[in-house]
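**Student:** What follows is a structure written as structure tokens; I'll ask about it next.
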Amino acid sequence: MTDDKVKRRLTTVLCADVYGYSRLMEADETRTLETLRRYRTAIAGLVERHDGRIVNTWGDAVIAEFASVVEAVQCAVEIQQEISNQDSDPPDANPMRFRIGINLGDVMVDGTDIYGDGVNIASRLQELAEPGGVVISSSVYDQVHNKLSVGFDCLGQRPMKNIAPVTSYRLTLGGQTTGRGSFPIEGGPAPREAARAPRIGDRHGPSAPTNVVSEWLAKLPRPVATALTVSVFLILINLFTGAHKIWFHWPVAAILFGVVLRMVLGHRPESDSRGER
């Protein structure tokens with residue numbers, strides 16, 4: 001008896017597609033095909049380096065699968081880096097840019113091909129990506145957000161054609177989306193705290209006025225910033241505990257006088273501070 005049971009497996013699917021391919025072909029078919037072949041060769045090499053496998057290359061798309069989620073995301077970042085590095089000099093007026101989507105999901109296996117929602121979701125995520133960018137599903141994010149030196153910008157649940165909404169994340173670094181600079185990966189320097197991935201449900205951070213005040217205080221000398229903070233605190237205590245009796249001016253005046261005196265003494269000429277020998 002033959003086994004007609006559909007084979008399935010959990011895998012990481014990477015879908016890459018050329019942005020504006022029809023427009024590029026209309027402008028210059030020969031050059032577009034040459035560029036596409038060159039980029040596909042580079043992509044195939046990077047996929048192999050990260051232990052992946054090219055599944056299909058129909059049209060201008062590339063479908064690959066990886067056993068490791070981390071390797072798939074690293075490969076996507078390196079693909080965008082490599083394509084950016086291969087840009088013509090002087091810059092081409094119509095550069096070829098790929099959009100990449102990555103999903104970890106269950107797929108159906110038929111020979112060397114894979115099918116199902118696991119693949120379809122990766123394809124839809126690719127459509128959400130910016131030219132030169134990478135968008136991943138929440139299932140990928142859960143596996144890589146603390147393993148790679150890149151940030152993640154939560155896009156929320158975006159509607160997808162013929163597929164239930166999936167929470168997605170755009171790869172970022174230092175406030176920039178992928179495709180606009182260099183992207184350190186595992187083993188490289190860690191990004192600044194601001195580039196760390198936001199967790200689901202996190203707020204966007206302090207309000208704009210709070211940020212302005214914090215940045216202004218950070219630019220002041222520490223004694224001055226401390227004195228102003230304590231003074232404001234004393235004024236608020238006075239206002240909320242009994243505005244009919246004003247007393248904050250005495251401690252505030254003493255604090256400010258002490259700060260001014262300290263700064264004046266600290267900036268005396270070196271000859272005065274040493275004294276005569």
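Every chain in the structure tokens takes a letter, A first, then B, and so on in the order presented; its residues are numbered from 1, and the ligands are numbered from 1 following the presented order.
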If we count only C-alpha atoms, what is near Ser137 (chain A) at a cut-off of 8 Å, once residues fewer than 3 positions away on the same chain are taken out, given as a ChimeraX atom specification?

**Tutor:** /A:102-104,122,125,140-141,166-169

**Student:** Store the residues picked out above in a file with all heavy atoms, as a compact mmCIF listing (two decimals), in the first residue's frame.

**Tutor:**
```txt
# COMPACT_ATOMS: atom_id res chain seq x y z
N ILE A 102 9.69 36.81 6.71
CA ILE A 102 10.12 35.54 7.33
C ILE A 102 9.05 35.06 8.30
O ILE A 102 8.55 35.84 9.12
CB ILE A 102 11.46 35.71 8.08
CG1 ILE A 102 12.53 36.29 7.16
CG2 ILE A 102 11.93 34.38 8.65
CD1 ILE A 102 13.84 36.57 7.86
N ASN A 103 8.73 33.78 8.21
CA ASN A 103 7.72 33.20 9.09
C ASN A 103 8.16 31.82 9.56
O ASN A 103 8.76 31.05 8.80
CB ASN A 103 6.38 33.07 8.37
CG ASN A 103 5.31 32.43 9.23
OD1 ASN A 103 5.07 32.85 10.36
ND2 ASN A 103 4.66 31.39 8.72
N LEU A 104 7.87 31.53 10.80
CA LEU A 104 8.08 30.18 11.35
C LEU A 104 6.72 29.53 11.46
O LEU A 104 5.85 30.00 12.18
CB LEU A 104 8.74 30.26 12.72
CG LEU A 104 8.82 28.95 13.52
CD1 LEU A 104 9.69 27.93 12.80
CD2 LEU A 104 9.34 29.20 14.93
N ALA A 122 4.64 34.08 5.07
CA ALA A 122 5.93 34.70 4.73
C ALA A 122 5.80 35.60 3.52
O ALA A 122 6.37 36.69 3.45
CB ALA A 122 6.98 33.61 4.49
N LEU A 125 4.00 38.79 4.57
CA LEU A 125 4.89 39.65 5.37
C LEU A 125 5.87 40.40 4.46
O LEU A 125 6.20 41.56 4.71
CB LEU A 125 5.68 38.80 6.38
CG LEU A 125 4.86 38.16 7.50
CD1 LEU A 125 5.73 37.20 8.30
CD2 LEU A 125 4.29 39.24 8.43
N VAL A 140 8.55 34.23 14.73
CA VAL A 140 9.99 34.42 14.52
C VAL A 140 10.55 35.34 15.60
O VAL A 140 11.61 35.08 16.17
CB VAL A 140 10.25 35.00 13.11
CG1 VAL A 140 11.73 35.34 12.94
CG2 VAL A 140 9.82 34.01 12.05
N TYR A 141 9.83 36.43 15.88
CA TYR A 141 10.28 37.39 16.90
C TYR A 141 10.51 36.71 18.25
O TYR A 141 11.51 36.97 18.94
CB TYR A 141 9.24 38.50 17.04
CG TYR A 141 9.46 39.40 18.22
CD1 TYR A 141 10.39 40.44 18.18
CD2 TYR A 141 8.73 39.21 19.40
CE1 TYR A 141 10.60 41.25 19.27
CE2 TYR A 141 8.93 40.03 20.49
CZ TYR A 141 9.86 41.04 20.43
OH TYR A 141 10.06 41.85 21.52
N VAL A 166 -1.77 38.64 11.38
CA VAL A 166 -0.64 38.13 12.15
C VAL A 166 0.16 39.31 12.68
O VAL A 166 0.42 40.26 11.94
CB VAL A 166 0.27 37.23 11.27
CG1 VAL A 166 1.52 36.81 12.04
CG2 VAL A 166 -0.49 36.01 10.78
N THR A 167 0.52 39.27 13.95
CA THR A 167 1.37 40.32 14.51
C THR A 167 2.75 40.24 13.85
O THR A 167 3.36 39.17 13.80
CB THR A 167 1.52 40.17 16.02
OG1 THR A 167 0.21 40.23 16.63
CG2 THR A 167 2.39 41.27 16.60
N SER A 168 3.22 41.36 13.36
CA SER A 168 4.49 41.37 12.63
C SER A 168 5.43 42.42 13.20
O SER A 168 5.01 43.35 13.88
CB SER A 168 4.24 41.64 11.14
OG SER A 168 3.56 42.86 10.96
N TYR A 169 6.71 42.25 12.89
CA TYR A 169 7.76 43.15 13.36
C TYR A 169 8.69 43.51 12.21
O TYR A 169 9.05 42.66 11.40
CB TYR A 169 8.59 42.49 14.48
CG TYR A 169 7.82 42.24 15.74
CD1 TYR A 169 6.99 41.13 15.86
CD2 TYR A 169 7.92 43.10 16.83
CE1 TYR A 169 6.27 40.89 17.02
CE2 TYR A 169 7.21 42.87 18.00
CZ TYR A 169 6.39 41.76 18.08
OH TYR A 169 5.69 41.53 19.22
```

**Student:** Quick one: residues within 12 Å of Lys161 (chain A), only C-alpha atoms counted, chain neighbours fewer than 3 positions away excluded, as a PyMOL selection string?

**Tutor:** chain A and resi 117+120-121+123-125+127-128+158+164-166

**Student:** Need the shell around Gly101 (chain A): protein/DNA/RNA residues with any atom at most 6 Å away, counting only C-alpha atoms. Skip same-chain ones fewer than 6 positions apart. Format as a ChimeraX atom specification?

**Tutor:** /A:14-15,122,125-126,134-136

**Student:** Interatomic distance between CA of Val119 (chain A) and CA of Met160 (chain A)?

**Tutor:**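 These atoms are spaced 13.2 Å apart.
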
**Student:** With distances taken over only C-alpha atoms, which of A:Arg170, A:Lys5, A:Arg53, A:His145 is nearest to Pro131 (chain A)?

**Tutor:** A:Arg170

**Student:** From the set A:Gln86, A:Thr229, A:Thr57, A:Asn94, which residue has the shortest atom-to-atom contact distance to Ala16 (chain A), counting only C-alpha atoms?

**Tutor:**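 Of A:Gln86, A:Thr229, A:Thr57, A:Asn94, the one nearest Ala16 (chain A) is A:Thr57, counting only C-alpha atoms.
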
**Student:** For Gln143 (chain A), please output as a ChimeraX atom specification all residues within 10 Å (counting only C-alpha atoms; exclusion window: fewer than 6 positions along the same chain).

**Tutor:** /A:68-70,104

**Student:** When you count only C-alpha atoms, which of these residues is closest to Gly20 (chain A): A:Leu261, A:Leu171, A:Ala67, A:Ala61?

**Tutor:**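 Of A:Leu261, A:Leu171, A:Ala67, A:Ala61, the one nearest Gly20 (chain A), counting only C-alpha atoms, is A:Ala61.
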
**Student:** Measure the distance from CA of Ala129 (chain A) to CA of Thr112 (chain A) in Å and round it to one decimal.

**Tutor:** 26.8 Å

**Student:** Compile the contact shell of Gly111 (chain A) as a list in words: residues with an atom at most 12 Å away, counting only C-alpha atoms, same-chain residues fewer than 2 positions apart removed.

**Tutor:**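 Non-adjacent residues within range: Val6, Lys7, Arg8, Val55, Met108, Val109, Asp113, Ile114 and Tyr115 of chain A.
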
**Student:** Grab the residues selected above and save them as a JSON list (two decimals), in the first residue's frame with all heavy atoms.

**Tutor:**
```
[["chain", "number", "residue", "atom", "x", "y", "z"],
["A", 6, "VAL", "N", -0.25, 13.25, 3.94],
["A", 6, "VAL", "CA", 0.50, 14.47, 3.64],
["A", 6, "VAL", "C", 1.60, 14.65, 4.68],
["A", 6, "VAL", "O", 1.36, 14.57, 5.89],
["A", 6, "VAL", "CB", -0.44, 15.70, 3.65],
["A", 6, "VAL", "CG1", 0.37, 16.98, 3.44],
["A", 6, "VAL", "CG2", -1.50, 15.56, 2.58],
["A", 7, "LYS", "N", 2.81, 14.88, 4.22],
["A", 7, "LYS", "CA", 3.93, 15.11, 5.12],
["A", 7, "LYS", "C", 3.98, 16.57, 5.51],
["A", 7, "LYS", "O", 3.82, 17.46, 4.69],
["A", 7, "LYS", "CB", 5.24, 14.70, 4.45],
["A", 7, "LYS", "CG", 5.35, 13.21, 4.16],
["A", 7, "LYS", "CD", 6.69, 12.87, 3.55],
["A", 7, "LYS", "CE", 6.81, 11.38, 3.29],
["A", 7, "LYS", "NZ", 8.11, 11.02, 2.67],
["A", 8, "ARG", "N", 4.24, 16.80, 6.77],
["A", 8, "ARG", "CA", 4.32, 18.15, 7.29],
["A", 8, "ARG", "C", 5.59, 18.32, 8.12],
["A", 8, "ARG", "O", 6.13, 17.34, 8.63],
["A", 8, "ARG", "CB", 3.10, 18.51, 8.16],
["A", 8, "ARG", "CG", 1.80, 18.61, 7.40],
["A", 8, "ARG", "CD", 0.67, 18.98, 8.35],
["A", 8, "ARG", "NE", -0.58, 19.24, 7.66],
["A", 8, "ARG", "CZ", -0.94, 20.41, 7.16],
["A", 8, "ARG", "NH1", -0.13, 21.45, 7.28],
["A", 8, "ARG", "NH2", -2.09, 20.56, 6.53],
["A", 55, "VAL", "N", 13.99, 26.91, -2.19],
["A", 55, "VAL", "CA", 12.85, 26.07, -2.54],
["A", 55, "VAL", "C", 12.35, 26.38, -3.94],
["A", 55, "VAL", "O", 12.09, 25.48, -4.73],
["A", 55, "VAL", "CB", 11.70, 26.26, -1.52],
["A", 55, "VAL", "CG1", 10.48, 25.43, -1.93],
["A", 55, "VAL", "CG2", 12.16, 25.86, -0.12],
["A", 108, "MET", "N", 3.30, 22.02, 4.38],
["A", 108, "MET", "CA", 3.12, 20.73, 3.74],
["A", 108, "MET", "C", 4.27, 20.50, 2.77],
["A", 108, "MET", "O", 4.70, 21.43, 2.08],
["A", 108, "MET", "CB", 1.78, 20.69, 3.00],
["A", 108, "MET", "CG", 0.58, 20.81, 3.90],
["A", 108, "MET", "SD", -0.98, 20.70, 2.97],
["A", 108, "MET", "CE", -0.90, 22.20, 1.99],
["A", 109, "VAL", "N", 4.77, 19.28, 2.72],
["A", 109, "VAL", "CA", 5.94, 18.95, 1.91],
["A", 109, "VAL", "C", 5.51, 18.07, 0.75],
["A", 109, "VAL", "O", 4.84, 17.05, 0.92],
["A", 109, "VAL", "CB", 7.00, 18.23, 2.76],
["A", 109, "VAL", "CG1", 8.23, 17.93, 1.92],
["A", 109, "VAL", "CG2", 7.37, 19.07, 3.98],
["A", 113, "ASP", "N", 9.24, 20.81, -2.81],
["A", 113, "ASP", "CA", 8.43, 22.00, -2.62],
["A", 113, "ASP", "C", 7.73, 21.98, -1.26],
["A", 113, "ASP", "O", 7.50, 20.91, -0.67],
["A", 113, "ASP", "CB", 7.37, 22.14, -3.72],
["A", 113, "ASP", "CG", 7.97, 22.61, -5.03],
["A", 113, "ASP", "OD1", 9.06, 23.23, -4.99],
["A", 113, "ASP", "OD2", 7.36, 22.35, -6.09],
["A", 114, "ILE", "N", 7.40, 23.18, -0.78],
["A", 114, "ILE", "CA", 6.63, 23.31, 0.46],
["A", 114, "ILE", "C", 5.45, 24.23, 0.19],
["A", 114, "ILE", "O", 5.53, 25.16, -0.61],
["A", 114, "ILE", "CB", 7.49, 23.87, 1.62],
["A", 114, "ILE", "CG1", 8.16, 25.19, 1.22],
["A", 114, "ILE", "CG2", 8.53, 22.85, 2.05],
["A", 114, "ILE", "CD1", 8.98, 25.82, 2.34],
["A", 115, "TYR", "N", 4.33, 23.96, 0.87],
["A", 115, "TYR", "CA", 3.10, 24.69, 0.65],
["A", 115, "TYR", "C", 2.42, 24.95, 1.99],
["A", 115, "TYR", "O", 2.86, 24.46, 3.03],
["A", 115, "TYR", "CB", 2.12, 23.89, -0.23],
["A", 115, "TYR", "CG", 2.69, 23.48, -1.58],
["A", 115, "TYR", "CD1", 3.31, 22.24, -1.75],
["A", 115, "TYR", "CD2", 2.60, 24.33, -2.68],
["A", 115, "TYR", "CE1", 3.82, 21.87, -2.97],
["A", 115, "TYR", "CE2", 3.11, 23.96, -3.91],
["A", 115, "TYR", "CZ", 3.73, 22.73, -4.06],
["A", 115, "TYR", "OH", 4.24, 22.35, -5.27]]
```

**Student:** For the atom pair CA of Gly132 (chain A) and CA of Glu82 (chain A), what is the interatomic distance in Å to one decimal place?

**Tutor:**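 CA of Gly132 (chain A) sits 10.6 Å away from CA of Glu82 (chain A).
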
**Student:** Considering only C-alpha atoms, return as a PyMOL selection string whatever protein or nucleic-acid residues lie within 10 Å of Leu24 (chain A), sequence-local ones (same chain, fewer than 4 positions apart) excluded.

**Tutor:** chain A and resi 18-20+28-33+94-96

**Student:** Ranking A:Asn56, A:Thr41, A:Ser22, A:Ser149 by minimum distance to Gln74 (chain A) and counting only C-alpha atoms, which one comes first?

**Tutor:**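 For Gln74 (chain A), the nearest of the given residues is A:Ser149.
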
**Student:** Measuring atom to atom with only C-alpha atoms, identify which of A:Gly118, A:Asp60, A:Thr12, A:Ala42 is nearest to Ala72 (chain A).

**Tutor:** A:Thr12

**Student:** Set the distance at 12 Å and use only C-alpha atoms: which residues neighbour Ala227 (chain A) once local chain neighbours fewer than 5 positions away are removed? I'd like the list as JSON, numbers by chain.

**Tutor:** {"A": [217, 220, 221, 222, 232, 233, 234, 251, 252, 253, 254, 255, 256, 257, 258, 259, 260, 262]}

**Student:** Keeping only N, CA and C atoms, write the selected residues to a file as a short mmCIF file (atom, residue, chain, number, x, y, z; two decimals), in the first residue's frame.

**Tutor:**
```
data_model
loop_
_atom_site.label_atom_id
_atom_site.label_comp_id
_atom_site.auth_asym_id
_atom_site.auth_seq_id
_atom_site.Cartn_x
_atom_site.Cartn_y
_atom_site.Cartn_z
N LEU A 217 17.97 69.02 31.10
CA LEU A 217 18.70 68.82 32.35
C LEU A 217 20.00 68.06 32.13
N LEU A 220 22.97 70.27 31.35
CA LEU A 220 23.47 71.15 32.40
C LEU A 220 24.52 70.44 33.24
N PRO A 221 25.42 71.20 33.91
CA PRO A 221 26.33 70.58 34.88
C PRO A 221 25.54 69.86 35.95
N ARG A 222 26.07 68.76 36.44
CA ARG A 222 25.32 67.94 37.39
C ARG A 222 24.88 68.72 38.62
N VAL A 232 12.60 72.55 42.42
CA VAL A 232 11.25 72.33 41.90
C VAL A 232 10.47 71.42 42.85
N PHE A 233 11.16 70.42 43.40
CA PHE A 233 10.51 69.50 44.32
C PHE A 233 10.02 70.23 45.57
N LEU A 234 10.84 71.14 46.10
CA LEU A 234 10.45 71.90 47.28
C LEU A 234 9.29 72.84 46.98
N PRO A 251 14.94 77.78 51.50
CA PRO A 251 15.81 76.65 51.14
C PRO A 251 16.27 76.68 49.68
N VAL A 252 15.40 77.17 48.78
CA VAL A 252 15.79 77.24 47.37
C VAL A 252 16.92 78.24 47.19
N ALA A 253 16.81 79.39 47.88
CA ALA A 253 17.87 80.40 47.77
C ALA A 253 19.19 79.85 48.31
N ALA A 254 19.12 79.11 49.42
CA ALA A 254 20.35 78.54 49.99
C ALA A 254 20.98 77.52 49.04
N ILE A 255 20.14 76.69 48.43
CA ILE A 255 20.65 75.68 47.51
C ILE A 255 21.31 76.34 46.31
N LEU A 256 20.64 77.32 45.72
CA LEU A 256 21.19 77.99 44.54
C LEU A 256 22.46 78.76 44.87
N PHE A 257 22.48 79.39 46.06
CA PHE A 257 23.70 80.09 46.47
C PHE A 257 24.87 79.12 46.62
N GLY A 258 24.60 77.97 47.23
CA GLY A 258 25.66 76.97 47.37
C GLY A 258 26.19 76.48 46.04
N VAL A 259 25.28 76.28 45.07
CA VAL A 259 25.72 75.82 43.75
C VAL A 259 26.56 76.88 43.05
N VAL A 260 26.10 78.14 43.11
CA VAL A 260 26.87 79.22 42.47
C VAL A 260 28.24 79.35 43.10
N ARG A 262 29.96 77.05 44.65
CA ARG A 262 30.78 75.90 44.28
C ARG A 262 31.33 76.04 42.87
#
```
